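Enquirer: Okay, here's the structure, questions in a sec.
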Amino acid sequence: MEAYEYLEKIRAAAPRVHCITNYVTAHDVANMILACGANPVMADEPQEMGEITAHAGALALNMGTPGERREQAMLAAGKAANGNGIPVVLDPVGVGASAFRRKMAEELLGAVTFTAIRGNMSEIRTLSELAEKKAAGAAGGVDVRPVDVVTEETLAEAVTFVKAVSKRLGAVVAVTGAIDLVSDGQQCVVIRGGREEMSRVTGTGCQLSGLAAAFLAVARNMEAPAGSTGGNTAGGAACAARGMEAVAAAVCVMNAAGEIAWEQRGLCGGNASYGTGIIDAVYRMDQKMLEGRIRYEVR
Amino acid sequence: MEAYEYLEKIRAAAPRVHCITNYVTAHDVANMILACGANPVMADEPQEMGEITAHAGALALNMGTPGERREQAMLAAGKAANGNGIPVVLDPVGVGASAFRRKMAEELLGAVTFTAIRGNMSEIRTLSELAEKKAAGAAGGVDVRPVDVVTEETLAEAVTFVKAVSKRLGAVVAVTGAIDLVSDGQQCVVIRGGREEMSRVTGTGCQLSGLAAAFLAVARNMEAPAGSTGGNTAGGAACAARGMEAVAAAVCVMNAAGEIAWEQRGLCGGNASYGTGIIDAVYRMDQKMLEGRIRYEVR
Amino acid sequence: MEAYEYLEKIRAAAPRVHCITNYVTAHDVANMILACGANPVMADEPQEMGEITAHAGALALNMGTPGERREQAMLAAGKAANGNGIPVVLDPVGVGASAFRRKMAEELLGAVTFTAIRGNMSEIRTLSELAEKKAAGAAGGVDVRPVDVVTEETLAEAVTFVKAVSKRLGAVVAVTGAIDLVSDGQQCVVIRGGREEMSRVTGTGCQLSGLAAAFLAVARNMEAPAGSTGGNTAGGAACAARGMEAVAAAVCVMNAAGEIAWEQRGLCGGNASYGTGIIDAVYRMDQKMLEGRIRYEVR
């Protein structure tokens, strides 16, 4: 299915996306979710997570500006999502930056089944190490070498690594950067596009994770492709079968928006107006705007 | 009094508006309050509420991203406002979404006298049910049927409902949507205007509630109209008499800003830049810009 | 050294700036830090402060929307910064507004050595009074009279006051307003520039404090000028020697950005788009844009 079809389905169904996210980029995540046609529900009080999540089409957990209260909310919401077959996305912001975040990630990975996990290479590497540490007691280490930056030179190695991490974590894994990789453990979609200037806008990664959750919300209600068998508790069979496709489609739309907003920036532009332009581009996105901007291969 | 006169008075007096609001839209609420000429004071530490609120011209409580600490802050600030005759606005964001929020709203309605309450129809309906439940023990139910969406067809019914809710809650009630209704229990101002695209910008409702608080801050210092008698503790006699007018004026200014920003949007616009444009339009708003844009009737 | 050289060094070194800041303006502070070429790390969980701060090039503490948890984070981060020779900036937002904030400021001033403190005249006056109260027990009061607003008429008096406060607090003190003053206790840089409309944009003060932290991050790695002797624990000898210069350079860049964004505002502008424009201008800032915009004298 094409990226644009996802947007059409989101605009028709207007699924709710429950976000537990940091206070720095919460506003832009909400606006990005509105831009693609979905409805954000921003809530992080642990006591109300069961009810809020149960009525959502997807859940997005973002580890920026973490704290104990927000962690409790994430655990409660994640379990509610799993119990209701609702897809869950994890954005492990800065997970390698502190013992507190690593412990939080371990607890989340232990208690919640994630449909997809999106981060930069450094964040995904930390998650991989945490999972490896846990597995090591039982089955010994794994020796896939993570790369620092995904370039054409390190691509083959990076693909192998991302596939292995996806298998290990039992989730679609998206590593975004100059080249984006999205894998379900079997295959890996290699996506080229976007602009490096997107990294100078605070929150574009958070926004992409929210966007991916919206894409998974509609994937959940699609028929699973013929021959697919079951799926995990995080979104059901269709998400298990289409999760990689849905996340890759979200990455492609975000990249296209980044390219379009860059081309249309004014002479007086900068990173702040560029951020506004990226959300605006998703809001206006149609099939014509996407033409020639979806550049990927499956490995 | 006209909507523009309120803006003039706000710009001259620059009242402080104390906001306890969610972290998703706090930035835009602050900028909107600055745009109309008032000064935002964003603070939610329970221990400092007495002092902060006492020096404000109005208080705006917004239930988005609720939590126990913020609820304590709202209770303390609400009582300080009531004790000092300072108008208080409640924005019951998503109050129907969880038992936690319903309980929080019950506690707020029980402890604080509100000058005005602004929400969408679904939120106001939930508040009405909560108040009815409480009243039912003593006096039996009320049988005004709420409508789902205010259209020309359901308008008469909706007006009756909003008047009844206003009486029941003892506050000016504003239900905003395609058609906006503002009632003080006796009369109802029916306002047409704005753009439906405003609902694709996160936080426009929160901004309107902040704007309404700024309008009430200056209403508080006006003479009460001849013949008005007393008033509740939430803003004193002038707010009791002029509350509906002030809130309706704020709705009209917000609608006008939404129309103007839409007309002036660029080819590369979207919901993010539209949000910026709405605040900008309030900042620039003058009498000429409002001409032909204030469309209301009183029922 | 010139203001532009600081920008060049920041863009080359991309230092991390750890911010513990209010949720109202956190997004814009992050974007401003990215705009100047540095990397924001927004984190306020007390348990992770030691690790996060230790890897930063500077720390910025902002007292807006305070609370006990954030105060604990600031104390932990401030000590970690002091222990590692990392410069620390304090922005005492609304410190005079409540006993809670005054107590928080006293605790911060007692436990952390600050490299620089930036606020408006009213905030700096409150800090001065707190420091005076503490000193009074031992050595009697100080009789420098603070002024309300810095104008050409009150300038001499204000310069004397800011020098005295800087000495008393043991930090570079920046008082920003229509005329900006930056003093290290010995000298005072008097800066003219910027636009008064900047005060109608929420968070420009917070952004400037973040910017100052980025400037101090590179000052820390410069050679101390010949003849400078030691320095406090907050940034080491180079920061002690260059702190005033670095903060004054950040003020000049912010003022220039405010002027440029104002000149380039569209007909449909307002405070929201002006805020975007200021960050954009810092992003684009080059030597030519700064020409004729750096207007200061040293007293």
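Residue numbering restarts at 1 in every chain; chains get A, B, ... in the order shown in the structure tokens, and ligands count up from 1 in that same order.
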Neighbours of Gly275 of chain B within 9 Å (only C-alpha atoms; same-chain residues fewer than 6 positions away dropped), as a PyMOL selection string?

Expert: (chain B and resi 28+198+200-204+258+261) or (chain C and resi 272)

Enquirer: Please, could you write that set of residues out with N, CA and C atoms as an mmCIF file, in the first residue's frame?

Expert:
data_model
loop_
_atom_site.group_PDB
_atom_site.id
_atom_site.type_symbol
_atom_site.label_atom_id
_atom_site.label_comp_id
_atom_site.auth_asym_id
_atom_site.auth_seq_id
_atom_site.Cartn_x
_atom_site.Cartn_y
_atom_site.Cartn_z
ATOM 1 N N ASP B 28 1.114 28.880 23.717
ATOM 2 C CA ASP B 28 0.200 29.650 22.875
ATOM 3 C C ASP B 28 -0.802 30.439 23.703
ATOM 4 N N MET B 198 -10.130 26.025 12.477
ATOM 5 C CA MET B 198 -9.536 26.357 13.778
ATOM 6 C C MET B 198 -9.427 25.113 14.661
ATOM 7 N N ARG B 200 -8.420 22.322 13.782
ATOM 8 C CA ARG B 200 -7.232 21.534 13.402
ATOM 9 C C ARG B 200 -5.950 22.162 13.953
ATOM 10 N N VAL B 201 -6.093 23.195 14.734
ATOM 11 C CA VAL B 201 -4.941 23.828 15.393
ATOM 12 C C VAL B 201 -5.031 23.474 16.869
ATOM 13 N N THR B 202 -4.006 22.844 17.400
ATOM 14 C CA THR B 202 -4.087 22.478 18.807
ATOM 15 C C THR B 202 -4.145 23.728 19.684
ATOM 16 N N GLY B 203 -5.054 23.734 20.643
ATOM 17 C CA GLY B 203 -5.043 24.789 21.650
ATOM 18 C C GLY B 203 -5.869 26.023 21.374
ATOM 19 N N THR B 204 -6.635 26.078 20.289
ATOM 20 C CA THR B 204 -7.427 27.291 20.060
ATOM 21 C C THR B 204 -8.490 27.456 21.150
ATOM 22 N N GLY B 258 -9.720 34.171 13.636
ATOM 23 C CA GLY B 258 -9.688 32.936 12.856
ATOM 24 C C GLY B 258 -10.039 33.171 11.389
ATOM 25 N N ALA B 261 -7.000 35.360 9.793
ATOM 26 C CA ALA B 261 -5.790 34.550 9.589
ATOM 27 C C ALA B 261 -6.001 33.558 8.444
ATOM 28 N N ALA C 272 3.230 36.370 17.642
ATOM 29 C CA ALA C 272 3.568 34.946 17.476
ATOM 30 C C ALA C 272 4.582 34.758 16.351
#

Enquirer: Restrict the distance test to only C-alpha atoms, flag each residue of chain B within 6 Å of chain A, and return the flagged residues as a PDB file with C-alpha atoms, in the first residue's frame.

Expert:
ATOM      1  CA  TYR B  23       1.801  21.934  29.137  1.00  0.00           C
ATOM      2  CA  VAL B  24       0.714  21.219  25.559  1.00  0.00           C
ATOM      3  CA  THR B  65      -3.044  17.152  31.128  1.00  0.00           C
ATOM      4  CA  GLY B  67      -2.791  15.666  37.759  1.00  0.00           C
ATOM      5  CA  SER B  98     -12.028   9.693  32.573  1.00  0.00           C
ATOM      6  CA  PHE B 100     -10.291  11.150  37.283  1.00  0.00           C
ATOM      7  CA  ARG B 200      -7.232  21.534  13.402  1.00  0.00           C
ATOM      8  CA  THR B 202      -4.087  22.478  18.807  1.00  0.00           C
ATOM      9  CA  GLY B 269       0.021  27.365   4.818  1.00  0.00           C
ATOM     10  CA  GLY B 270      -1.245  24.643   7.080  1.00  0.00           C
ATOM     11  CA  ASN B 271      -2.492  24.201  10.601  1.00  0.00           C
ATOM     12  CA  ALA B 272       0.778  25.204  12.276  1.00  0.00           C
TER      13      ALA B 272
END

Enquirer: Choose the residue, out of C:Ala131, C:Cys206, C:Ala13, C:Ile124, that has the smallest atom-to-atom separation from Glu107 of chain C; count only C-alpha atoms.

Expert: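 Under the stated criterion, the closest residue is C:Ala131.
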
Enquirer: Under the rule that only C-alpha atoms are counted, which of C:Leu108, C:Ala214, C:Ile294, C:Val182 is the nearest residue to Asn255 of chain C?

Expert: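 Among the listed residues, C:Ile294 lies closest to Asn255 of chain C.
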
Enquirer: Could you pull the residues within 9 Å of Gly235 of chain C, counting only C-alpha atoms, minus those fewer than 6 positions along the same chain, as a list in words?

Expert: Ala58, Ala81, Asn82, Asn84, Gly85, Ile86, Pro87, Val88, Phe114, Thr115, Leu216, Ala217, Ala219, Arg220 and Gly243 of chain C

Enquirer: Just the residues within 6 Å of Leu59 of chain A, please, counting only C-alpha atoms, with nothing from its chain fewer than 2 positions along; format it as a list in words.

Expert: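 In the requested format, the answer is Val17, His18, Cys19 and Val88 of chain A.
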
Enquirer: Pick out the residues sitting within 10 Å of segment 153-166 of chain A, and hand them over as a VMD selection string; count only C-alpha atoms, and ignore anything fewer than 6 positions along from it in its own chain.

Expert: chain A and resid 116 to 117 121 124 to 125 127 to 129 131 to 132 142 to 147 172 to 175 179 to 190 299

Enquirer: Using only N, CA and C atoms, please write the residues we just selected to a file, as a short mmCIF file (atom, residue, chain, number, x, y, z; two decimals), in the first residue's frame.

Expert:
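Okay, this is what ended up in selection-v7.cif:
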data_model
loop_
_atom_site.label_atom_id
_atom_site.label_comp_id
_atom_site.auth_asym_id
_atom_site.auth_seq_id
_atom_site.Cartn_x
_atom_site.Cartn_y
_atom_site.Cartn_z
N ALA A 116 6.11 -0.78 17.49
CA ALA A 116 7.23 -0.15 16.79
C ALA A 116 8.05 0.70 17.76
N ILE A 117 9.34 0.79 17.47
CA ILE A 117 10.25 1.62 18.25
C ILE A 117 11.04 2.48 17.27
N MET A 121 20.34 6.15 15.81
CA MET A 121 21.16 4.94 15.94
C MET A 121 21.66 4.76 17.37
N ILE A 124 18.82 3.42 19.60
CA ILE A 124 18.47 2.03 19.31
C ILE A 124 19.59 1.09 19.76
N ARG A 125 20.81 1.56 19.64
CA ARG A 125 21.94 0.74 20.10
C ARG A 125 21.84 0.50 21.61
N LEU A 127 19.11 0.44 23.43
CA LEU A 127 18.03 -0.54 23.66
C LEU A 127 18.52 -1.94 23.34
N SER A 128 19.29 -2.05 22.27
CA SER A 128 19.81 -3.36 21.88
C SER A 128 20.71 -3.92 22.98
N GLU A 129 21.54 -3.05 23.52
CA GLU A 129 22.44 -3.50 24.59
C GLU A 129 21.65 -3.94 25.84
N ALA A 131 18.64 -5.16 25.87
CA ALA A 131 17.99 -6.44 25.57
C ALA A 131 19.02 -7.57 25.59
N GLU A 132 20.21 -7.26 25.09
CA GLU A 132 21.28 -8.25 25.04
C GLU A 132 21.71 -8.65 26.44
N VAL A 142 25.00 -11.50 21.58
CA VAL A 142 24.80 -11.46 20.13
C VAL A 142 25.94 -10.61 19.60
N ASP A 143 26.39 -10.91 18.39
CA ASP A 143 27.57 -10.16 17.99
C ASP A 143 27.38 -9.30 16.75
N VAL A 144 26.17 -8.81 16.59
CA VAL A 144 25.99 -7.86 15.49
C VAL A 144 26.57 -6.52 15.93
N ARG A 145 27.42 -5.95 15.07
CA ARG A 145 28.08 -4.70 15.47
C ARG A 145 27.26 -3.51 15.01
N PRO A 146 26.84 -2.70 15.93
CA PRO A 146 26.12 -1.50 15.51
C PRO A 146 27.07 -0.52 14.85
N VAL A 147 26.56 0.29 13.94
CA VAL A 147 27.38 1.32 13.32
C VAL A 147 27.03 2.66 13.96
N VAL A 172 8.75 -3.69 15.29
CA VAL A 172 9.31 -2.97 14.15
C VAL A 172 10.28 -1.94 14.70
N VAL A 173 11.47 -1.87 14.13
CA VAL A 173 12.45 -0.88 14.60
C VAL A 173 12.75 0.09 13.47
N ALA A 174 12.65 1.37 13.79
CA ALA A 174 13.00 2.40 12.82
C ALA A 174 14.16 3.21 13.36
N VAL A 175 15.26 3.21 12.59
CA VAL A 175 16.41 4.05 12.93
C VAL A 175 16.43 5.18 11.93
N ILE A 179 20.12 8.31 6.33
CA ILE A 179 19.37 7.25 5.67
C ILE A 179 18.51 6.61 6.75
N ASP A 180 17.25 6.35 6.44
CA ASP A 180 16.35 5.77 7.44
C ASP A 180 16.16 4.28 7.18
N LEU A 181 16.15 3.51 8.26
CA LEU A 181 15.97 2.06 8.14
C LEU A 181 14.77 1.64 8.97
N VAL A 182 13.88 0.84 8.36
CA VAL A 182 12.71 0.34 9.09
C VAL A 182 12.64 -1.17 8.88
N SER A 183 12.72 -1.92 9.96
CA SER A 183 12.77 -3.37 9.80
C SER A 183 11.78 -4.08 10.71
N ASP A 184 11.26 -5.17 10.22
CA ASP A 184 10.40 -6.03 11.05
C ASP A 184 11.14 -7.31 11.46
N GLY A 185 12.44 -7.31 11.26
CA GLY A 185 13.22 -8.47 11.65
C GLY A 185 13.52 -9.38 10.47
N GLN A 186 12.62 -9.38 9.49
CA GLN A 186 12.82 -10.19 8.29
C GLN A 186 13.40 -9.34 7.17
N GLN A 187 12.74 -8.22 6.96
CA GLN A 187 13.14 -7.34 5.87
C GLN A 187 13.51 -5.98 6.45
N CYS A 188 14.13 -5.17 5.62
CA CYS A 188 14.46 -3.81 6.05
C CYS A 188 14.18 -2.85 4.91
N VAL A 189 13.35 -1.85 5.20
CA VAL A 189 13.11 -0.80 4.20
C VAL A 189 14.17 0.27 4.39
N VAL A 190 14.89 0.55 3.31
CA VAL A 190 15.93 1.58 3.33
C VAL A 190 15.37 2.82 2.64
N ARG A 299 15.42 -4.43 1.59
CA ARG A 299 16.57 -5.35 1.61
C ARG A 299 16.28 -6.54 2.53
#

Enquirer: Could you give me the residues within segment 21-151 of chain B that DSSP places in strand (DSSP E or B), as a list of chain:residue names?

Expert: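 Residues meeting the strand (DSSP E or B) criterion: B:Asn39, B:Pro40, B:Val41, B:Met42, B:Ala58, B:Leu59, B:Ala60, B:Leu61, B:Asn62, B:Val88, B:Val89, B:Leu90, B:Asp91, B:Ala116, B:Ile117, B:Arg118, B:Gly119.
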
Enquirer: Using only C-alpha atoms, determine which residues lie at most 10 Å from Val253 of chain B, disregarding the query and same-chain residues fewer than 3 positions distant; provide the list as a VMD selection string.

Expert: chain B and resid 3 to 4 6 to 7 36 193 to 194 208 211 to 212 247 to 250 256 to 259 281 to 282 285 289 to 290 293 to 294

Enquirer: Please dump the current selection as a tab-separated table (two decimals), in the first residue's frame; keep N, CA and C atoms.

Expert:
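So the final result, stored in out-v1.tsv, reads:
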chain	number	residue	atom	x	y	z
B	3	ALA	N	-17.06	44.72	21.37
B	3	ALA	CA	-15.88	43.85	21.53
B	3	ALA	C	-14.59	44.66	21.49
B	4	TYR	N	-14.56	45.64	20.57
B	4	TYR	CA	-13.31	46.38	20.43
B	4	TYR	C	-12.98	47.21	21.67
B	6	TYR	N	-13.47	46.36	24.65
B	6	TYR	CA	-12.78	45.48	25.60
B	6	TYR	C	-11.29	45.43	25.28
B	7	LEU	N	-10.96	45.24	24.02
B	7	LEU	CA	-9.54	45.21	23.63
B	7	LEU	C	-8.83	46.50	24.04
B	36	CYS	N	-3.50	40.11	23.12
B	36	CYS	CA	-4.66	40.98	23.36
B	36	CYS	C	-4.28	42.15	24.25
B	193	GLY	N	-19.54	32.62	13.27
B	193	GLY	CA	-18.27	33.16	12.79
B	193	GLY	C	-17.16	32.16	13.01
B	194	GLY	N	-15.97	32.60	12.75
B	194	GLY	CA	-14.82	31.70	12.88
B	194	GLY	C	-14.72	30.78	11.67
B	208	LEU	N	-8.82	30.63	23.69
B	208	LEU	CA	-10.05	31.39	23.86
B	208	LEU	C	-10.40	31.52	25.35
B	211	LEU	N	-8.22	34.16	26.69
B	211	LEU	CA	-8.70	35.46	26.19
B	211	LEU	C	-9.92	35.90	26.99
B	212	ALA	N	-10.85	34.98	27.23
B	212	ALA	CA	-12.06	35.32	28.00
B	212	ALA	C	-11.68	35.81	29.40
B	247	VAL	N	-17.50	37.58	27.86
B	247	VAL	CA	-17.13	36.29	27.25
B	247	VAL	C	-17.55	36.26	25.78
B	248	ALA	N	-18.74	36.78	25.50
B	248	ALA	CA	-19.20	36.81	24.10
B	248	ALA	C	-18.28	37.69	23.26
B	249	ALA	N	-17.81	38.78	23.83
B	249	ALA	CA	-16.88	39.65	23.10
B	249	ALA	C	-15.58	38.91	22.79
B	250	ALA	N	-15.09	38.15	23.76
B	250	ALA	CA	-13.87	37.37	23.53
B	250	ALA	C	-14.08	36.34	22.42
B	256	ALA	N	-13.14	36.37	14.75
B	256	ALA	CA	-12.64	37.31	13.74
B	256	ALA	C	-11.19	37.01	13.42
B	257	ALA	N	-10.40	36.72	14.45
B	257	ALA	CA	-8.98	36.40	14.23
B	257	ALA	C	-8.85	35.14	13.38
B	258	GLY	N	-9.72	34.17	13.64
B	258	GLY	CA	-9.69	32.94	12.86
B	258	GLY	C	-10.04	33.17	11.39
B	259	GLU	N	-10.98	34.07	11.16
B	259	GLU	CA	-11.36	34.39	9.77
B	259	GLU	C	-10.25	35.16	9.06
B	281	ALA	N	-3.26	37.86	14.48
B	281	ALA	CA	-4.42	38.68	14.14
B	281	ALA	C	-4.99	39.36	15.39
B	282	VAL	N	-4.98	38.68	16.51
B	282	VAL	CA	-5.45	39.32	17.75
B	282	VAL	C	-4.49	40.45	18.13
B	285	MET	N	-5.35	43.35	15.95
B	285	MET	CA	-6.79	43.64	15.84
B	285	MET	C	-7.14	45.10	16.13
B	289	MET	N	-10.63	46.02	11.43
B	289	MET	CA	-10.53	44.58	11.17
B	289	MET	C	-11.76	43.84	11.67
B	290	LEU	N	-12.37	44.37	12.71
B	290	LEU	CA	-13.54	43.70	13.29
B	290	LEU	C	-14.82	44.01	12.52
B	293	ARG	N	-17.49	41.55	11.14
B	293	ARG	CA	-17.11	40.22	11.62
B	293	ARG	C	-17.79	39.86	12.94
B	294	ILE	N	-18.47	40.81	13.53
B	294	ILE	CA	-19.16	40.53	14.80
B	294	ILE	C	-20.61	40.19	14.44

Enquirer: With a distance cut-off of 9 Å and only C-alpha atoms, select the neighbouring residues of Arg102 of chain B, excluding the residue or stretch itself and same-chain residues fewer than 6 positions from it, and output the selection as a list of chain:residue names.

Expert: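 Close residues of Arg102 of chain B: B:Val95, B:Gly96, B:Thr126, B:Leu127, B:Leu130.
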
Enquirer: With distances taken over only C-alpha atoms, which of C:Val298, C:Ala73, C:Cys239, C:Met63 is nearest to Lys103 of chain C?

Expert: C:Met63

Enquirer: Please report, as a VMD selection string, each residue of segment 105-186 of chain A to which DSSP assigns helix (DSSP H, G or I) when run on this structure's backbone.

Expert: chain A and resid 105 to 111 121 to 139 155 to 169
